[in-house]
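**Student:** What follows is the file upload-v3.cif, containing mmCIF, C-alpha atoms:
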```
data_final
#
loop_
_atom_site.label_atom_id
_atom_site.label_comp_id
_atom_site.auth_asym_id
_atom_site.auth_seq_id
_atom_site.Cartn_x
_atom_site.Cartn_y
_atom_site.Cartn_z
CA MET A 1 20.92 -15.82 -0.14
CA SER A 2 18.93 -15.67 3.13
CA LEU A 3 15.19 -15.62 2.52
CA THR A 4 14.26 -16.11 6.15
CA ASN A 5 13.63 -13.33 8.61
CA PRO A 6 12.89 -14.67 12.09
CA ALA A 7 11.61 -12.13 14.60
CA GLY A 8 14.32 -10.55 16.70
CA ALA A 9 17.17 -12.07 14.66
CA GLY A 10 19.13 -8.83 14.67
CA PRO A 11 20.37 -6.26 12.17
CA ALA A 12 22.78 -8.54 10.27
CA GLN A 13 20.04 -11.09 9.56
CA ALA A 14 17.61 -8.31 8.61
CA ASP A 15 20.16 -6.80 6.20
CA ALA A 16 20.81 -10.22 4.61
CA TYR A 17 17.07 -10.78 4.23
CA ILE A 18 16.48 -7.38 2.59
CA HIS A 19 19.44 -7.89 0.27
CA ALA A 20 18.12 -11.32 -0.73
CA LEU A 21 14.63 -9.96 -1.47
CA LEU A 22 15.97 -7.09 -3.56
CA GLU A 23 18.36 -9.42 -5.38
CA LEU A 24 15.50 -11.79 -6.17
CA LEU A 25 13.50 -8.89 -7.63
CA GLY A 26 16.46 -7.66 -9.66
CA GLU A 27 15.45 -5.18 -12.35
CA ARG A 28 11.83 -6.32 -12.54
CA ASP A 29 9.11 -3.71 -12.09
CA PRO A 30 7.81 -4.08 -8.52
CA PHE A 31 4.28 -3.09 -9.53
CA GLU A 32 4.12 -5.74 -12.25
CA VAL A 33 5.46 -8.42 -9.90
CA GLN A 34 2.89 -7.47 -7.27
CA GLU A 35 0.08 -7.57 -9.84
CA GLU A 36 1.03 -11.16 -10.72
CA LEU A 37 0.78 -12.59 -7.21
CA PRO A 38 -2.93 -13.52 -6.87
CA GLY A 39 -3.08 -15.25 -10.26
CA ALA A 40 0.21 -17.08 -9.75
CA VAL A 41 -0.84 -18.29 -6.30
CA GLY A 42 -4.26 -19.36 -7.56
CA ARG A 43 -2.67 -21.49 -10.27
CA LEU A 44 -0.45 -23.20 -7.68
CA PHE A 45 -3.47 -24.06 -5.50
CA GLU A 46 -5.71 -25.34 -8.31
CA GLY A 47 -6.14 -29.07 -8.51
CA LEU A 48 -4.78 -29.91 -5.07
CA PRO A 49 -7.03 -31.49 -2.44
CA GLU A 50 -7.64 -29.47 0.73
CA GLU A 51 -5.64 -31.98 2.75
CA ALA A 52 -2.54 -31.31 0.64
CA LEU A 53 -2.96 -27.54 0.99
CA ARG A 54 -2.95 -27.92 4.78
CA ARG A 55 0.09 -30.22 4.93
CA PRO A 56 3.49 -28.62 5.57
CA GLU A 57 6.38 -29.69 3.38
CA ARG A 58 8.05 -31.03 6.54
CA PRO A 59 7.60 -30.72 10.32
CA GLY A 60 8.05 -27.21 11.62
CA LYS A 61 7.41 -25.59 8.24
CA TRP A 62 4.31 -23.89 6.87
CA SER A 63 1.66 -25.41 4.63
CA MET A 64 0.56 -23.77 1.39
CA LEU A 65 -2.52 -22.43 3.15
CA GLN A 66 -0.41 -20.92 5.93
CA VAL A 67 1.80 -19.19 3.36
CA LEU A 68 -1.33 -17.79 1.70
CA GLY A 69 -2.57 -16.47 5.06
CA HIS A 70 0.82 -14.86 5.62
CA LEU A 71 0.69 -13.17 2.22
CA ALA A 72 -2.79 -11.77 2.92
CA ASP A 73 -1.76 -10.41 6.32
CA THR A 74 1.49 -9.04 4.91
CA GLU A 75 -0.64 -7.02 2.52
CA VAL A 76 -2.57 -5.56 5.47
CA ILE A 77 0.67 -4.75 7.31
CA ASN A 78 2.28 -3.13 4.28
CA ALA A 79 -0.85 -1.11 3.63
CA TRP A 80 -0.68 0.27 7.17
CA ARG A 81 3.07 0.91 7.06
CA ILE A 82 3.09 2.68 3.72
CA ARG A 83 0.05 4.80 4.53
CA ARG A 84 1.68 5.90 7.78
CA ILE A 85 4.94 6.76 6.04
CA VAL A 86 3.16 8.79 3.37
CA ALA A 87 0.86 10.61 5.82
CA GLU A 88 3.16 11.11 8.83
CA ASP A 89 6.69 12.37 9.37
CA ARG A 90 9.12 9.50 9.97
CA PRO A 91 6.67 7.27 11.87
CA ARG A 92 7.90 4.34 13.92
CA ILE A 93 7.13 1.08 12.12
CA GLU A 94 6.66 -1.87 14.45
CA ALA A 95 8.04 -5.30 13.67
CA TYR A 96 5.95 -8.43 14.12
CA ASP A 97 6.57 -12.14 14.58
CA GLN A 98 5.14 -13.88 11.51
CA ASP A 99 5.21 -17.32 13.16
CA ARG A 100 3.17 -16.06 16.11
CA TRP A 101 0.69 -14.50 13.70
CA ALA A 102 0.44 -17.74 11.72
CA ALA A 103 -0.24 -19.74 14.88
CA GLY A 104 -2.40 -17.21 16.72
CA LEU A 105 -4.50 -16.29 13.71
CA ARG A 106 -4.79 -19.93 12.62
CA TYR A 107 -3.67 -19.40 9.04
CA GLY A 108 -4.27 -23.02 8.08
CA ASP A 109 -7.97 -23.06 8.95
CA ASP A 110 -9.59 -20.81 6.34
CA PRO A 111 -10.87 -21.84 2.89
CA TRP A 112 -8.10 -21.02 0.43
CA ARG A 113 -10.37 -19.43 -2.18
CA GLU A 114 -11.65 -16.92 0.38
CA VAL A 115 -8.14 -16.05 1.56
CA LEU A 116 -6.97 -15.67 -2.04
CA ALA A 117 -9.94 -13.39 -2.81
CA GLU A 118 -9.06 -11.24 0.22
CA LEU A 119 -5.42 -11.05 -0.88
CA ALA A 120 -6.44 -10.10 -4.43
CA ALA A 121 -8.80 -7.36 -3.22
CA LEU A 122 -6.26 -5.91 -0.80
CA ARG A 123 -3.53 -6.01 -3.42
CA ARG A 124 -5.70 -4.25 -6.04
CA ARG A 125 -6.58 -1.50 -3.57
CA ASN A 126 -3.00 -1.01 -2.46
CA LEU A 127 -1.58 -0.94 -5.98
CA ARG A 128 -4.18 1.64 -6.99
CA LEU A 129 -3.02 3.85 -4.11
CA TYR A 130 0.70 3.29 -4.70
CA ARG A 131 0.40 4.15 -8.39
CA ALA A 132 -1.41 7.39 -7.52
CA LEU A 133 1.33 8.58 -5.15
CA PRO A 134 3.41 11.56 -6.27
CA ALA A 135 7.05 10.77 -7.05
CA GLU A 136 8.32 12.42 -3.86
CA ALA A 137 6.25 10.04 -1.70
CA PHE A 138 8.52 7.12 -2.65
CA ALA A 139 11.44 8.79 -0.84
CA ARG A 140 9.53 9.28 2.43
CA VAL A 141 10.79 7.06 5.26
CA GLY A 142 9.54 5.34 8.36
CA LEU A 143 11.72 4.01 11.17
CA HIS A 144 11.38 0.25 11.33
CA ALA A 145 11.95 -1.11 14.84
CA GLU A 146 14.47 -3.73 13.63
CA ARG A 147 15.68 -2.47 10.25
CA GLY A 148 15.95 1.30 10.70
CA GLU A 149 14.97 3.75 7.96
CA GLU A 150 12.80 2.32 5.19
CA SER A 151 11.43 4.34 2.32
CA VAL A 152 8.16 3.73 0.54
CA GLY A 153 10.08 2.87 -2.63
CA ARG A 154 12.22 0.30 -0.82
CA LEU A 155 9.19 -1.24 0.87
CA LEU A 156 7.48 -1.64 -2.49
CA ARG A 157 10.56 -3.35 -3.96
CA MET A 158 10.87 -5.55 -0.86
CA THR A 159 7.21 -6.54 -1.16
CA ALA A 160 7.75 -7.63 -4.76
CA GLY A 161 10.81 -9.66 -3.74
CA HIS A 162 8.79 -11.13 -0.86
CA ASP A 163 6.12 -12.17 -3.38
CA LEU A 164 8.70 -13.93 -5.52
CA ALA A 165 10.25 -15.69 -2.51
CA HIS A 166 6.88 -17.02 -1.39
CA ARG A 167 5.93 -18.06 -4.91
CA ARG A 168 9.08 -20.20 -4.93
CA GLN A 169 8.20 -21.53 -1.50
CA LEU A 170 4.68 -22.46 -2.65
CA GLU A 171 6.08 -24.25 -5.70
CA ARG A 172 8.46 -26.21 -3.45
CA ILE A 173 5.68 -27.12 -0.98
CA ARG A 174 3.40 -28.19 -3.84
CA ARG A 175 6.08 -30.58 -5.10
CA ALA A 176 6.67 -31.89 -1.56
CA VAL A 177 2.99 -32.61 -0.87
CA GLY A 178 2.46 -34.36 -4.16
CA GLY A 179 1.26 -31.66 -6.48
#
```
Go ahead and express the file in the form of structure tokens.
**Tutor:**
Amino acid sequence: MSLTNPAGAGPAQADAYIHALLELLGERDPFEVQEELPGAVGRLFEGLPEEALRRPERPGKWSMLQVLGHLADTEVINAWRIRRIVAEDRPRIEAYDQDRWAAGLRYGDDPWREVLAELAALRRRNLRLYRALPAEAFARVGLHAERGEESVGRLLRMTAGHDLAHRRQLERIRRAVGG
């Protein structure tokens, strides 16, 4: 199961990544999984000193705080993508390099409670919108630059799988940094 998706890795890697996310989600309700994320992440961060939150599990990997920054920005990106797909006809959906975002936007520098509050607020707003969409909106598609056609329904399931993958990652990092 490939839960990595490096920028520009190609269609085969993208397909493996999507398959892994959807397999991780399984039959779980994607809305329920997405609702769980802020609370689950908060529990993983509680009780750890700031230094531990900023320490990667090993060289070249992200820290817990960097993962949290990624989750918050992923919520912004998904909000934009899904709104475009719902409002426009087959819009082009740009890819992005998550490692460049993490470095350029300095994910490890912000206070974790503020980043978590931002993630929680964004997630609440997005879930409210997604639940209000008519059934036919979930079949609308955008054209992802690397992955091709993606429907709103698939993006919502992928997001839930992405949440679960990063929850596992955060648990692993917490163990590695002494939590």
**Student:** Using all atoms listed in the file, which residue out of A:Arg125, A:His162, A:Arg92, A:Arg100 lies closest to Gly148 (chain A)?
**Tutor:** A:Arg92
**Student:** For the provided coordinates, the residues matched by the PyMOL selection byres ((chain A and resi 71) around 10) should be stated as a list in words.
**Tutor:** Leu37, Pro38, Leu65, Gln66, Val67, Leu68, Gly69, His70, Ala72, Asp73, Thr74, Glu75, Val76, Ile77, Val115, Leu116, Leu119, Thr159, His162, Asp163 and His166 of chain A
**Student:** Kindly indicate which residue among A:Leu164, A:Ala120, A:Ile173, A:Ile85 lies nearest to Leu133 (chain A), using all atoms listed in the file for the distances.
**Tutor:**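 Residue with the minimum atom-to-atom distance to Leu133 (chain A): A:Ile85.
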**Student:** Work out how far apart CA of Asp109 (chain A) and CA of Leu127 (chain A) are and give it in Å to one decimal.
**Tutor:**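 One can read the CA of Asp109 (chain A) to CA of Leu127 (chain A) distance as 27.4 Å.
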**Student:** Evaluate the PyMOL selection byres ((chain A and resi 30-36) around 7) on the structure here and hand back the selected residues as an NGL selection string.
**Tutor:** :A and (28-29 or 37-40 or 156-157 or 160 or 163)
**Student:** Please measure the separation of CA of Arg172 (chain A) and CA of Gly42 (chain A), giving the value in Å to one decimal.
**Tutor:**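 About the pair CA of Arg172 (chain A) and CA of Gly42 (chain A): they are 15.0 Å apart.
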**Student:** Can you list what the PyMOL selection byres ((chain A and resi 93) around 7) grabs from this structure, as number ranges by chain?
**Tutor:** A: 81, 91-92, 94-95, 142-145
**Student:** Write the residues you've just listed into a file as an mmCIF file, in the frame of the given file, and include C-alpha atoms for each of them.
**Tutor:**
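The resulting file, out.cif, is shown below:
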```
data_model
loop_
_atom_site.group_PDB
_atom_site.id
_atom_site.type_symbol
_atom_site.label_atom_id
_atom_site.label_comp_id
_atom_site.auth_asym_id
_atom_site.auth_seq_id
_atom_site.Cartn_x
_atom_site.Cartn_y
_atom_site.Cartn_z
ATOM 1 C CA ARG A 81 3.070 0.910 7.060
ATOM 2 C CA PRO A 91 6.670 7.270 11.870
ATOM 3 C CA ARG A 92 7.900 4.340 13.920
ATOM 4 C CA GLU A 94 6.660 -1.870 14.450
ATOM 5 C CA ALA A 95 8.040 -5.300 13.670
ATOM 6 C CA GLY A 142 9.540 5.340 8.360
ATOM 7 C CA LEU A 143 11.720 4.010 11.170
ATOM 8 C CA HIS A 144 11.380 0.250 11.330
ATOM 9 C CA ALA A 145 11.950 -1.110 14.840
#
```
**Student:** Go through A:Ala165, A:Ala79, A:Leu105, A:Ala87 and flag the residue nearest Leu129 (chain A), using all atoms listed in the file for the distances.
**Tutor:**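 Of A:Ala165, A:Ala79, A:Leu105, A:Ala87, the one nearest Leu129 (chain A), counting all atoms listed in the file, is A:Ala79.
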**Student:** Determine the nearest neighbour of Lys61 (chain A) from the options A:Asp99, A:Glu88, A:Glu150, A:Glu46, counting all atoms listed in the file.
**Tutor:**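 For Lys61 (chain A), the nearest of the given residues is A:Asp99.
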**Student:** Box for region 102-108 of chain A - axis-aligned, 4 Å on each of the six sides, all listed atoms - centre and size in Å to one decimal, as JSON.
**Tutor:**
```
{"center_x": -2.2, "center_y": -19.7, "center_z": 12.4, "size_x": 13.2, "size_y": 14.7, "size_z": 16.6}
```
**Student:** Determine, counting only C-alpha atoms, which protein, DNA and RNA residues have an atom within 7 Å of an atom of region 50-53 of chain A; residues of the same chain fewer than 5 positions away are not included. Present the result as a PyMOL selection string.
**Tutor:** chain A and resi 63-65+177
**Student:** Please fill the gaps in region 17-45 of chain A so it has N, CA and C atoms, and write that as a PDB file, keeping the file's coordinate frame.
**Tutor:**
```
ATOM      1  N   TYR A  17      18.409 -10.500   4.744  1.00  0.00           N
ATOM      2  CA  TYR A  17      17.070 -10.780   4.230  1.00  0.00           C
ATOM      3  C   TYR A  17      16.655  -9.725   3.197  1.00  0.00           C
ATOM      4  N   ILE A  18      16.842  -8.463   3.520  1.00  0.00           N
ATOM      5  CA  ILE A  18      16.480  -7.380   2.590  1.00  0.00           C
ATOM      6  C   ILE A  18      17.289  -7.504   1.303  1.00  0.00           C
ATOM      7  N   HIS A  19      18.578  -7.741   1.449  1.00  0.00           N
ATOM      8  CA  HIS A  19      19.440  -7.890   0.270  1.00  0.00           C
ATOM      9  C   HIS A  19      18.940  -9.045  -0.606  1.00  0.00           C
ATOM     10  N   ALA A  20      18.594 -10.155   0.018  1.00  0.00           N
ATOM     11  CA  ALA A  20      18.120 -11.320  -0.730  1.00  0.00           C
ATOM     12  C   ALA A  20      16.820 -11.011  -1.468  1.00  0.00           C
ATOM     13  N   LEU A  21      15.891 -10.312  -0.809  1.00  0.00           N
ATOM     14  CA  LEU A  21      14.630  -9.960  -1.470  1.00  0.00           C
ATOM     15  C   LEU A  21      14.870  -9.050  -2.667  1.00  0.00           C
ATOM     16  N   LEU A  22      15.709  -8.033  -2.477  1.00  0.00           N
ATOM     17  CA  LEU A  22      15.970  -7.090  -3.560  1.00  0.00           C
ATOM     18  C   LEU A  22      16.739  -7.746  -4.692  1.00  0.00           C
ATOM     19  N   GLU A  23      17.621  -8.674  -4.358  1.00  0.00           N
ATOM     20  CA  GLU A  23      18.360  -9.420  -5.380  1.00  0.00           C
ATOM     21  C   GLU A  23      17.404 -10.314  -6.177  1.00  0.00           C
ATOM     22  N   LEU A  24      16.472 -10.930  -5.495  1.00  0.00           N
ATOM     23  CA  LEU A  24      15.500 -11.790  -6.170  1.00  0.00           C
ATOM     24  C   LEU A  24      14.647 -10.969  -7.145  1.00  0.00           C
ATOM     25  N   LEU A  25      14.273  -9.768  -6.754  1.00  0.00           N
ATOM     26  CA  LEU A  25      13.500  -8.890  -7.630  1.00  0.00           C
ATOM     27  C   LEU A  25      14.334  -8.443  -8.827  1.00  0.00           C
ATOM     28  N   GLY A  26      15.590  -8.126  -8.579  1.00  0.00           N
ATOM     29  CA  GLY A  26      16.460  -7.660  -9.660  1.00  0.00           C
ATOM     30  C   GLY A  26      15.929  -6.386 -10.286  1.00  0.00           C
ATOM     31  N   GLU A  27      15.889  -6.371 -11.606  1.00  0.00           N
ATOM     32  CA  GLU A  27      15.450  -5.180 -12.350  1.00  0.00           C
ATOM     33  C   GLU A  27      13.962  -5.216 -12.709  1.00  0.00           C
ATOM     34  N   ARG A  28      13.258  -6.223 -12.217  1.00  0.00           N
ATOM     35  CA  ARG A  28      11.830  -6.320 -12.540  1.00  0.00           C
ATOM     36  C   ARG A  28      11.052  -5.160 -11.939  1.00  0.00           C
ATOM     37  N   ASP A  29       9.974  -4.786 -12.583  1.00  0.00           N
ATOM     38  CA  ASP A  29       9.110  -3.710 -12.090  1.00  0.00           C
ATOM     39  C   ASP A  29       8.340  -4.222 -10.881  1.00  0.00           C
ATOM     40  N   PRO A  30       8.492  -3.571  -9.723  1.00  0.00           N
ATOM     41  CA  PRO A  30       7.810  -4.080  -8.520  1.00  0.00           C
ATOM     42  C   PRO A  30       6.292  -4.059  -8.620  1.00  0.00           C
ATOM     43  N   PHE A  31       5.741  -3.122  -9.369  1.00  0.00           N
ATOM     44  CA  PHE A  31       4.280  -3.090  -9.530  1.00  0.00           C
ATOM     45  C   PHE A  31       3.801  -4.282 -10.351  1.00  0.00           C
ATOM     46  N   GLU A  32       4.512  -4.601 -11.420  1.00  0.00           N
ATOM     47  CA  GLU A  32       4.120  -5.740 -12.250  1.00  0.00           C
ATOM     48  C   GLU A  32       4.222  -7.050 -11.471  1.00  0.00           C
ATOM     49  N   VAL A  33       5.296  -7.200 -10.702  1.00  0.00           N
ATOM     50  CA  VAL A  33       5.460  -8.420  -9.900  1.00  0.00           C
ATOM     51  C   VAL A  33       4.323  -8.537  -8.893  1.00  0.00           C
ATOM     52  N   GLN A  34       3.971  -7.418  -8.258  1.00  0.00           N
ATOM     53  CA  GLN A  34       2.890  -7.470  -7.270  1.00  0.00           C
ATOM     54  C   GLN A  34       1.546  -7.763  -7.919  1.00  0.00           C
ATOM     55  N   GLU A  35       1.335  -7.279  -9.131  1.00  0.00           N
ATOM     56  CA  GLU A  35       0.080  -7.570  -9.840  1.00  0.00           C
ATOM     57  C   GLU A  35      -0.060  -9.063 -10.128  1.00  0.00           C
ATOM     58  N   GLU A  36       1.043  -9.746 -10.351  1.00  0.00           N
ATOM     59  CA  GLU A  36       1.030 -11.160 -10.720  1.00  0.00           C
ATOM     60  C   GLU A  36       0.652 -12.098  -9.575  1.00  0.00           C
ATOM     61  N   LEU A  37       0.856 -11.662  -8.337  1.00  0.00           N
ATOM     62  CA  LEU A  37       0.780 -12.590  -7.210  1.00  0.00           C
ATOM     63  C   LEU A  37      -0.534 -13.360  -7.107  1.00  0.00           C
ATOM     64  N   PRO A  38      -1.699 -12.729  -7.062  1.00  0.00           N
ATOM     65  CA  PRO A  38      -2.930 -13.520  -6.870  1.00  0.00           C
ATOM     66  C   PRO A  38      -3.126 -14.593  -7.940  1.00  0.00           C
ATOM     67  N   GLY A  39      -2.909 -14.262  -9.194  1.00  0.00           N
ATOM     68  CA  GLY A  39      -3.080 -15.250 -10.260  1.00  0.00           C
ATOM     69  C   GLY A  39      -2.076 -16.387 -10.159  1.00  0.00           C
ATOM     70  N   ALA A  40      -0.827 -16.047  -9.863  1.00  0.00           N
ATOM     71  CA  ALA A  40       0.210 -17.080  -9.750  1.00  0.00           C
ATOM     72  C   ALA A  40      -0.084 -18.016  -8.585  1.00  0.00           C
ATOM     73  N   VAL A  41      -0.519 -17.464  -7.473  1.00  0.00           N
ATOM     74  CA  VAL A  41      -0.840 -18.290  -6.300  1.00  0.00           C
ATOM     75  C   VAL A  41      -2.052 -19.164  -6.608  1.00  0.00           C
ATOM     76  N   GLY A  42      -3.063 -18.592  -7.230  1.00  0.00           N
ATOM     77  CA  GLY A  42      -4.260 -19.360  -7.560  1.00  0.00           C
ATOM     78  C   GLY A  42      -3.937 -20.568  -8.429  1.00  0.00           C
ATOM     79  N   ARG A  43      -3.062 -20.366  -9.400  1.00  0.00           N
ATOM     80  CA  ARG A  43      -2.670 -21.490 -10.270  1.00  0.00           C
ATOM     81  C   ARG A  43      -1.952 -22.585  -9.489  1.00  0.00           C
ATOM     82  N   LEU A  44      -1.162 -22.201  -8.492  1.00  0.00           N
ATOM     83  CA  LEU A  44      -0.450 -23.200  -7.680  1.00  0.00           C
ATOM     84  C   LEU A  44      -1.402 -23.998  -6.793  1.00  0.00           C
ATOM     85  N   PHE A  45      -2.506 -23.397  -6.391  1.00  0.00           N
ATOM     86  CA  PHE A  45      -3.470 -24.060  -5.500  1.00  0.00           C
ATOM     87  C   PHE A  45      -4.443 -24.951  -6.272  1.00  0.00           C
TER      88      PHE A  45
END
```
